[in-house]
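Scroll down for the structure; my scribbles are underneath it.
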Amino acid sequence: MSIEAVQVSPRQMTWLRRRRALLRVWRELRHDRSGFTGLLLLVFFGVVAAAAPLIADRSELLAAAGRNNPDLAAPSAKFLLGTDDIGRSVLSQLVWGSRVSLFIGLLATVVAVVIGSTVGLISGYVKGRVGSLLLAIDDFFLVVPFLPLAIVLAVILGRSPVTLALVIGFTSWAGSARLVRAQVLSLSERGYVERARALGANSRHVILRHVLPGVAPLIIANATLIVPGAILTESTLSFLGFGDRLSPSWGKLLDGAQSSGSITLNAWWYYLPPGICIITVVLAFTLFGRALERIFDPRLAGR
Amino acid sequence: MTYFSQFAVGGQMSKNLHKVLITAVIGLATLAVGTSTNVSAEGELSFSVGITQDIDSLNVTVGYLVIDYEIWNLTLPTLTSKAASDFSILPSMAESWTSSEDGLTWTYKLRSDMKWSDGEPMTADDVVYTITRSVTDGWWNHTTVTGNLTATAPDAQTLVVTSSVPDPKLPILDVYIVPKHIYEKISAEELPNYLADDNVSGGPFQIVERKEGEFIRLVRNPNWFGKKPAIDQLIFRTYETAEAQYNALKAGDLDAIDDVPGKIFTAVAAGDVPNIIGIAGNQGSFSELAMNSSCPTGIGDGHVALKDPNVRRAINWAIDRQLLVDKVLNGFGKPAVGISASANPAFDYQVAADDTYSYKPEKANSLLDEAGWKDSNGDGVRDKDGVELRLRYFDRSIGGAADTTPFITGFLKDVGIATDVKTFDEDSLASIQSKSEFDLYTWGWSPYADPDNMLSDFITAAVPTDPAVGGYNDGNWCNAEYDALYAKQHVELDPVKRAALIQEMHKIFVNDGPYAVLYKYDNLQAFRSDRWQNFVRQPAEVGPVMFTQTSSGYLDLEPVSGGSGRGGGTNTVIIAVVAIVVIGGGLTLVRGRRKKSADDRA
């Protein structure tokens, strides 16, 4: 056994450090009761979404699937959550809807985080014209009333789940850009960044190698807090009739319940389940995100 | 001009933006309107109608919404009227009429006691003025009737109308007569912007107050020469959702509503709701799937497959119309394969119930096979010469036909036709139609009493050839035989022969045409039966009471003596408000908190 084999390469060292950090996060999360509850709920919804084909056949989502079923039938052994206004099982749509809602929520978050972090990083680090231009764009998106903008974009770009996710992501990045920028401003004054610059590192290198790792925890925590907003936005858009008519999201279920008059008809099995799901997932992401924030930024502990 | 004429065209943007305000509106509906009953302080009888559509324009040369027509029915006179039962001619301004030998000239004797609501005399001059000016200025609500007419008034009570061609529509003159003493002050350039807010009426009611987006209030016109209505005051209140207005009716804040949600109407029609009577009325309104048939004289980019009548037939065979009626209309309508040419069902395609376009997917499959569209690569979508049978499907964002989309795309998929669905508001769809840049799209029509107008939409001359001008032929379809028959019925004075010609046209249209007609749908209306009685339907037995071709439904209404009764029913509204507030609040909360943490850090 040669001596090199025991020696740890810098790369391995980095991974070791990262693993240790992850373990620390996990430990703290386990002791954070609300954060852990949020995580468990998320795992539950993740499993349901992944296992959708096992729970309900996709063909049950077809409009004609309710052909021989009663419309707006109360929950029974055959339909655990009753039927909707055209005789389809509410449960099947709820289960498959979790896929659409979570997919849109997550994809929109990725879009928002990518745009937000990029704008935040650059506008925070690069001074001068570029920085202030990006800041101005950011300010614009902060003050533009967000729902009308999302509606206009959804109408123009179309209504598939992917375009909806893009629209939501595109309209909700401004806040995280601000957040990232603030952190970058403080980081770029730190000694190690100055040293890197003194050693001749260009902006690109400094941003990617030294600043980005510093703001990464913040971005991750912030992302988990964007997801619930994105899911609510998707539900809102679908509820207002701007969603994708052909894929079953929770917001679309609410829209169907509302437009078919099921509230007046007391068909609670149609509108309560999607409502509860939306609130639970949003709550779960928020609890989880808050916990991550506390862990990554000890200054917040106790607040 | 039926394209928009009786149709609920609203523009989805504004409609849905308004929906954002549901909370406020439902709240206000339950709080603010809570005090109105049908007897006002002065002991006058008031009749409040809930509507889900706001007035587009009160100007008869501009407006095109159903509610606009309803206000004109109530405030503008017509030369002749139509019987509620069967649309046959009745005296109105004209007491009697005679025809010349050749049938081209009609002489009307007018009543002598007519006055506009401002006291000005109403004479044959007003009719002559309306006919002449509508032709010169091209008023689009008038010209399909008046385009071939000239008129003179030898004296105040005599009107002579001459047609340049034999005109089967006469002696009925189905246009609103405008007050000459008001309109002659307005130039042709100013007219499109005229708001018609001087409220001069020649009908049974006159407008006294209007708040845009909220209500319009009319009172009885004391100078009206016809049957005196029992109602003293008539109010149309605009609601954002059909459900909200239903709850207002249930709570007793309204006396009648148009557009009851189907599932709720089922309960009402079953008699489960005390004091409320539901009337499902049909006046020919139908929905269809239009297929771009790519008429050679037209423009556009329709899919090559739809040029083949056999592919269009296959699509017709693939659709389960009964399922659509059961699930989308909740049974309030009936399957149809031909258009309704008229509000009068006598002009419908008379065909034995089951011999045309029943639900036979196997027939659709064999037609498509024969036409050469086969699934050569096993991907579930038919193709031919390297072209996939994948059709652009343009869907309407609101209106009953919108709910048919998930069904129809499923039916088409079952026979190997793929669809790419895109949803548009009505205005966008109309502009797409004027370019004929679509494969399939859903739309609906409500015809007039006379079939000529509806039939004229499918002649070759109506095919759009210039996007700026457009054309009503929304299937981009042409058929020389149909054109010839249309021209024939247009000047056929014998009603029996004309009806036979129209049946011929139906046959060609159903067999070769650009439509998969889906169904005829009912207007779902509900009334407070504890306050009102004598609901007269138009046409008899099958039609609705309000929003018909005349104002007779309102004139015949009678109050129930000793009627009272205010129901509950606001609980569900409160639940809805709470639900919406919770969701909205959740959104605000999350956004608010995110903002806060950003501030903390900055």
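Note on naming: chains are A, B, ... as they come in the structure tokens, residues start from 1 per chain, ligands start from 1 in the order shown.
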With 6 Å as the limit and counting only C-alpha atoms, what residues in chain A lie close to chain B? Please list them as a PDB file with C-alpha atoms, in the first residue's frame.
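Dumped to selection-v4.pdb:
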ATOM      1  CA  ALA A  63     -63.281  13.595 -20.527  1.00  0.00           C
ATOM      2  CA  ALA A  64     -65.283  10.630 -21.758  1.00  0.00           C
ATOM      3  CA  ILE A  86     -68.671  15.186 -15.803  1.00  0.00           C
ATOM      4  CA  LEU A 179     -31.875  38.986  -2.032  1.00  0.00           C
ATOM      5  CA  ALA A 182     -27.635  42.139  -1.144  1.00  0.00           C
ATOM      6  CA  THR A 264     -73.773  26.122  -4.197  1.00  0.00           C
TER       7      THR A 264
END
From segment 33-219 of chain A, collect each residue whose DSSP state is alpha helix (DSSP H) and return the set as a ChimeraX atom specification.
/A:33-50,52-55,90-125,129-143,146-157,161-171,174-187,191-198,203-205,212-219
Rank B:Val208, B:Leu455, B:Val160, B:Ala499 by their smallest atom-to-atom distance to Ala346 of chain B, using only C-alpha atoms, and report the top residue only.
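Nearest to Ala346 of chain B: B:Ala499.
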Compile the contact shell of Val415 of chain B as a PDB file with C-alpha atoms, in the first residue's frame: residues with an atom at most 8 Å away, counting only C-alpha atoms, same-chain residues fewer than 4 positions apart removed.
ATOM      1  CA  ALA B 318     -66.471  10.201 -34.680  1.00  0.00           C
ATOM      2  CA  PRO B 361     -66.171   5.589 -34.731  1.00  0.00           C
ATOM      3  CA  ALA B 364     -65.065   7.229 -39.202  1.00  0.00           C
ATOM      4  CA  ASN B 365     -62.145   4.795 -39.285  1.00  0.00           C
ATOM      5  CA  PHE B 411     -63.090  11.353 -29.849  1.00  0.00           C
TER       6      PHE B 411
END
Find the residues around Pro544 of chain B up to 7 Å (only C-alpha atoms counted), leave out those fewer than 4 positions away in its own chain, and share them as a list in words.
Ile279, Ala280, Gly281, Asn282, Asn523, Arg537, Gln538 and Thr548 of chain B
To one decimal place, how far is atom CA of Asp155 of chain B from atom CA of Asn141 of chain B in Å?
27.0 Å
Shell of 9 Å around Val113 of chain A, only C-alpha atoms, local chain residues under 5 positions omitted, as a short mmCIF file (atom, residue, chain, number, x, y, z; two decimals) with C-alpha atoms, in the first residue's frame:
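Writing done, so here's out_28.cif:
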data_model
loop_
_atom_site.label_atom_id
_atom_site.label_comp_id
_atom_site.auth_asym_id
_atom_site.auth_seq_id
_atom_site.Cartn_x
_atom_site.Cartn_y
_atom_site.Cartn_z
CA ALA A 108 -41.07 27.74 -12.36
CA THR A 118 -27.85 35.60 -12.41
CA GLY A 169 -40.85 31.74 -13.28
CA SER A 172 -41.39 35.82 -9.86
CA TRP A 173 -37.60 36.17 -9.97
CA SER A 176 -34.69 36.62 -5.18
CA ALA A 177 -32.51 38.80 -7.40
CA ILE A 219 -30.30 30.67 -3.09
CA ILE A 220 -31.33 27.16 -2.05
CA ASN A 222 -34.90 31.08 -1.15
CA ALA A 223 -35.82 28.56 -3.86
CA ILE A 226 -40.45 30.40 -4.23
#
Find the residues around segment 439-452 of chain B up to 9 Å (only C-alpha atoms counted), leave out those fewer than 6 positions away in its own chain, and share them as a compact mmCIF listing (two decimals) with N, CA and C atoms, in the first residue's frame.
# COMPACT_ATOMS: atom_id res chain seq x y z
N THR B 2 -75.22 37.27 -38.42
CA THR B 2 -75.47 36.52 -37.19
C THR B 2 -74.19 36.17 -36.48
N TYR B 3 -73.07 36.42 -37.13
CA TYR B 3 -71.80 35.98 -36.56
C TYR B 3 -71.68 36.44 -35.12
N PHE B 4 -71.91 37.71 -34.90
CA PHE B 4 -71.86 38.21 -33.55
C PHE B 4 -73.25 38.49 -33.02
N SER B 5 -74.18 38.61 -33.96
CA SER B 5 -75.44 39.27 -33.64
C SER B 5 -76.01 38.93 -32.30
N GLN B 6 -76.34 37.66 -32.10
CA GLN B 6 -77.01 37.34 -30.85
C GLN B 6 -76.03 36.68 -29.91
N PHE B 7 -74.78 36.81 -30.20
CA PHE B 7 -73.87 35.98 -29.46
C PHE B 7 -73.15 36.66 -28.34
N LYS B 82 -93.56 40.17 -34.08
CA LYS B 82 -93.58 38.73 -34.34
C LYS B 82 -94.34 38.04 -33.23
N PHE B 87 -93.46 33.29 -34.41
CA PHE B 87 -92.79 34.35 -35.17
C PHE B 87 -93.61 34.85 -36.36
N THR B 144 -78.89 43.69 -43.85
CA THR B 144 -79.32 42.41 -44.41
C THR B 144 -80.82 42.43 -44.69
N LYS B 169 -88.85 37.90 -47.14
CA LYS B 169 -88.89 38.35 -45.75
C LYS B 169 -90.06 39.31 -45.54
N ASP B 174 -87.89 43.31 -40.11
CA ASP B 174 -87.31 42.96 -38.81
C ASP B 174 -86.11 43.84 -38.46
N GLN B 283 -84.00 28.62 -28.75
CA GLN B 283 -84.37 29.45 -29.89
C GLN B 283 -83.32 29.31 -30.99
N GLY B 284 -82.90 28.07 -31.15
CA GLY B 284 -82.05 27.77 -32.30
C GLY B 284 -80.56 27.88 -32.06
N SER B 285 -80.14 28.37 -30.89
CA SER B 285 -78.70 28.51 -30.64
C SER B 285 -78.02 27.15 -30.74
N PHE B 286 -76.90 27.10 -31.47
CA PHE B 286 -76.19 25.84 -31.59
C PHE B 286 -74.69 26.06 -31.54
N SER B 287 -73.96 24.99 -31.26
CA SER B 287 -72.49 25.05 -31.25
C SER B 287 -71.97 24.09 -32.30
N GLU B 288 -70.81 24.43 -32.84
CA GLU B 288 -70.25 23.56 -33.85
C GLU B 288 -68.74 23.52 -33.77
N LEU B 289 -68.18 22.50 -34.41
CA LEU B 289 -66.75 22.42 -34.66
C LEU B 289 -66.58 22.76 -36.13
N ALA B 290 -65.97 23.91 -36.41
CA ALA B 290 -65.78 24.31 -37.80
C ALA B 290 -64.49 23.69 -38.33
N MET B 291 -64.56 23.21 -39.58
CA MET B 291 -63.39 22.57 -40.19
C MET B 291 -62.99 23.38 -41.41
N ASN B 292 -61.74 23.77 -41.49
CA ASN B 292 -61.28 24.60 -42.59
C ASN B 292 -61.27 23.80 -43.90
N SER B 293 -62.25 24.08 -44.75
CA SER B 293 -62.40 23.30 -45.97
C SER B 293 -61.59 23.86 -47.13
N ASP B 301 -54.59 28.66 -44.45
CA ASP B 301 -53.63 27.56 -44.47
C ASP B 301 -54.21 26.31 -43.82
N GLY B 302 -55.43 25.97 -44.19
CA GLY B 302 -56.07 24.79 -43.60
C GLY B 302 -55.34 23.50 -43.95
N HIS B 303 -55.47 22.51 -43.08
CA HIS B 303 -54.83 21.21 -43.30
C HIS B 303 -55.39 20.56 -44.57
N LEU B 306 -58.53 18.23 -44.63
CA LEU B 306 -59.90 18.72 -44.46
C LEU B 306 -60.53 19.18 -45.76
N ILE B 339 -77.30 22.86 -39.03
CA ILE B 339 -77.41 24.15 -38.36
C ILE B 339 -78.88 24.49 -38.13
N SER B 340 -79.14 25.40 -37.20
CA SER B 340 -80.47 25.98 -37.10
C SER B 340 -80.44 27.23 -37.96
N ALA B 341 -81.24 27.25 -39.00
CA ALA B 341 -81.23 28.42 -39.87
C ALA B 341 -82.03 29.55 -39.25
N SER B 342 -82.93 29.19 -38.35
CA SER B 342 -83.84 30.18 -37.79
C SER B 342 -84.09 29.86 -36.33
N ALA B 343 -84.56 30.86 -35.58
CA ALA B 343 -84.99 30.62 -34.21
C ALA B 343 -86.21 29.71 -34.21
N ASN B 344 -86.86 29.63 -35.34
CA ASN B 344 -88.04 28.78 -35.49
C ASN B 344 -87.62 27.38 -35.93
N PHE B 347 -87.59 25.52 -39.50
CA PHE B 347 -86.59 25.63 -40.57
C PHE B 347 -85.38 24.73 -40.33
N LEU B 391 -54.18 18.09 -36.40
CA LEU B 391 -54.93 19.30 -36.70
C LEU B 391 -54.80 20.32 -35.59
N ARG B 392 -54.67 21.58 -35.98
CA ARG B 392 -54.69 22.67 -35.00
C ARG B 392 -56.13 22.86 -34.54
N TYR B 393 -56.34 22.83 -33.24
CA TYR B 393 -57.69 22.90 -32.69
C TYR B 393 -57.78 24.17 -31.87
N PHE B 394 -58.53 25.14 -32.34
CA PHE B 394 -58.61 26.41 -31.63
C PHE B 394 -59.89 26.44 -30.83
N ASP B 395 -59.69 26.71 -29.57
CA ASP B 395 -60.72 26.50 -28.58
C ASP B 395 -61.10 27.86 -28.02
N ARG B 396 -62.36 27.99 -27.71
CA ARG B 396 -62.86 29.27 -27.20
C ARG B 396 -62.77 29.30 -25.70
N GLY B 399 -67.80 30.25 -22.82
CA GLY B 399 -68.95 29.78 -23.59
C GLY B 399 -69.03 28.27 -23.47
N GLY B 400 -70.24 27.75 -23.65
CA GLY B 400 -70.47 26.33 -23.43
C GLY B 400 -69.59 25.44 -24.27
N ALA B 401 -69.32 25.85 -25.53
CA ALA B 401 -68.58 24.98 -26.42
C ALA B 401 -67.17 24.72 -25.90
N ALA B 402 -66.65 25.60 -25.04
CA ALA B 402 -65.31 25.41 -24.50
C ALA B 402 -65.21 24.08 -23.76
N THR B 404 -66.54 21.41 -24.40
CA THR B 404 -66.59 20.23 -25.27
C THR B 404 -65.19 19.82 -25.72
N THR B 405 -64.22 20.72 -25.61
CA THR B 405 -62.89 20.44 -26.16
C THR B 405 -62.24 19.15 -25.65
N THR B 419 -54.60 16.25 -32.25
CA THR B 419 -54.97 17.67 -32.22
C THR B 419 -53.98 18.44 -31.36
N GLU B 426 -62.59 35.35 -27.79
CA GLU B 426 -63.40 35.45 -29.00
C GLU B 426 -62.83 36.40 -30.04
N LEU B 429 -60.06 34.72 -31.87
CA LEU B 429 -60.60 33.67 -32.74
C LEU B 429 -61.22 34.29 -33.99
N GLN B 433 -60.18 33.60 -37.77
CA GLN B 433 -61.17 33.16 -38.75
C GLN B 433 -61.13 34.02 -40.00
N GLY B 475 -66.16 28.30 -42.22
CA GLY B 475 -65.60 26.99 -42.54
C GLY B 475 -64.75 27.07 -43.81
N TYR B 486 -79.26 28.96 -52.51
CA TYR B 486 -79.42 30.14 -51.67
C TYR B 486 -80.05 31.27 -52.47
N GLN B 489 -83.83 30.61 -52.96
CA GLN B 489 -84.71 30.81 -51.81
C GLN B 489 -84.77 32.29 -51.43
N HIS B 490 -83.70 33.03 -51.77
CA HIS B 490 -83.62 34.44 -51.42
C HIS B 490 -84.74 35.24 -52.06
N ILE B 502 -84.77 25.27 -48.73
CA ILE B 502 -83.90 25.33 -47.55
C ILE B 502 -83.54 23.93 -47.08
N GLN B 549 -86.69 37.24 -29.47
CA GLN B 549 -86.66 38.13 -30.63
C GLN B 549 -87.54 39.37 -30.44
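Using only C-alpha atoms, the protein and nucleic acid residues lying no more than 7 Å from Gly82 of chain A, apart from those fewer than 5 places from it along its own chain, are Leu72, Ala73, Ala74, Pro75, Ser76, Ser89, Val90 and Trp269 of chain A.
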Written selection (C-alpha atoms) as a PDB file, in the first residue's frame:
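Result written to selection-v7.pdb:
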ATOM      1  CA  LEU A  72     -71.146  15.115  -8.850  1.00  0.00           C
ATOM      2  CA  ALA A  73     -71.721  11.870  -6.956  1.00  0.00           C
ATOM      3  CA  ALA A  74     -70.830  11.902  -3.265  1.00  0.00           C
ATOM      4  CA  PRO A  75     -67.873   9.821  -2.031  1.00  0.00           C
ATOM      5  CA  SER A  76     -68.546   6.102  -2.093  1.00  0.00           C
ATOM      6  CA  SER A  89     -63.212  10.323 -10.178  1.00  0.00           C
ATOM      7  CA  VAL A  90     -61.982  13.326  -8.180  1.00  0.00           C
ATOM      8  CA  TRP A 269     -65.681  16.504  -2.286  1.00  0.00           C
TER       9      TRP A 269
END
Could you go through segment 12-255 of chain B and tell me which residues DSSP, when run on the backbone, assigns to strand (DSSP E), listing them as a compact mmCIF listing (two decimals) with C-alpha atoms, in the first residue's frame?
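File produced: selection-v4.txt:
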# COMPACT_ATOMS: atom_id res chain seq x y z
CA SER B 46 -90.11 46.36 -10.09
CA PHE B 47 -88.60 43.43 -11.98
CA SER B 48 -84.86 42.80 -11.55
CA VAL B 49 -82.99 40.57 -13.97
CA GLY B 50 -79.51 39.20 -13.35
CA ILE B 51 -77.19 39.02 -16.35
CA THR B 80 -94.29 44.85 -37.54
CA SER B 81 -93.99 42.50 -34.62
CA LYS B 82 -93.58 38.73 -34.34
CA ILE B 89 -96.33 38.65 -38.42
CA LEU B 90 -98.31 40.87 -36.02
CA PRO B 91 -99.30 44.54 -36.26
CA ALA B 94 -98.23 49.21 -38.89
CA GLU B 95 -101.87 48.25 -38.49
CA SER B 96 -102.35 46.72 -41.91
CA TRP B 97 -100.42 46.12 -45.12
CA THR B 98 -101.12 45.27 -48.75
CA SER B 99 -98.91 44.00 -51.50
CA THR B 105 -94.08 46.84 -53.29
CA TRP B 106 -95.77 46.83 -49.91
CA THR B 107 -97.99 49.61 -48.59
CA TYR B 108 -98.36 49.85 -44.81
CA LYS B 109 -101.03 51.78 -42.90
CA LEU B 110 -99.54 53.07 -39.62
CA LEU B 149 -85.35 48.26 -50.06
CA THR B 150 -86.39 51.82 -50.78
CA ALA B 151 -89.17 53.61 -48.89
CA THR B 152 -91.39 56.66 -49.20
CA ALA B 153 -94.04 58.19 -46.97
CA PRO B 154 -96.91 59.75 -48.94
CA ASP B 155 -98.35 60.90 -45.60
CA THR B 158 -98.72 55.68 -44.99
CA LEU B 159 -95.50 53.88 -45.81
CA VAL B 160 -94.55 52.44 -49.18
CA VAL B 161 -91.66 49.98 -49.24
CA THR B 162 -90.27 48.76 -52.55
CA SER B 163 -87.82 45.92 -52.98
CA PHE B 205 -89.77 50.87 -21.61
CA GLN B 206 -87.36 53.77 -21.48
CA ILE B 207 -83.90 53.92 -19.96
CA VAL B 208 -83.58 56.23 -16.97
CA GLU B 209 -80.26 55.29 -15.45
CA ARG B 210 -77.21 53.27 -16.34
CA LYS B 211 -73.99 52.50 -14.50
CA PHE B 215 -76.88 47.97 -13.88
CA ILE B 216 -79.29 49.59 -16.30
CA ARG B 217 -82.66 50.80 -15.05
CA LEU B 218 -85.70 51.26 -17.26
CA VAL B 219 -89.21 52.48 -16.45
CA ARG B 220 -92.45 52.06 -18.36
CA GLN B 233 -89.60 49.33 -13.47
CA LEU B 234 -87.15 46.93 -15.10
CA ILE B 235 -83.59 46.55 -13.86
CA PHE B 236 -80.78 44.52 -15.42
CA ARG B 237 -77.97 43.88 -12.97
CA THR B 238 -74.61 42.59 -14.15
One number please: atom CA of Phe225 of chain B to atom CA of Val127 of chain B, in Å, one decimal.
16.0 Å
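Here atom CA of Val381 of chain B and atom CA of Ile315 of chain B stand 14.2 Å from one another.
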Ranking B:Glu541, B:Ala516, B:His506, B:Asp68 by minimum distance to Asp86 of chain B and counting only C-alpha atoms, which one comes first?
B:Glu541
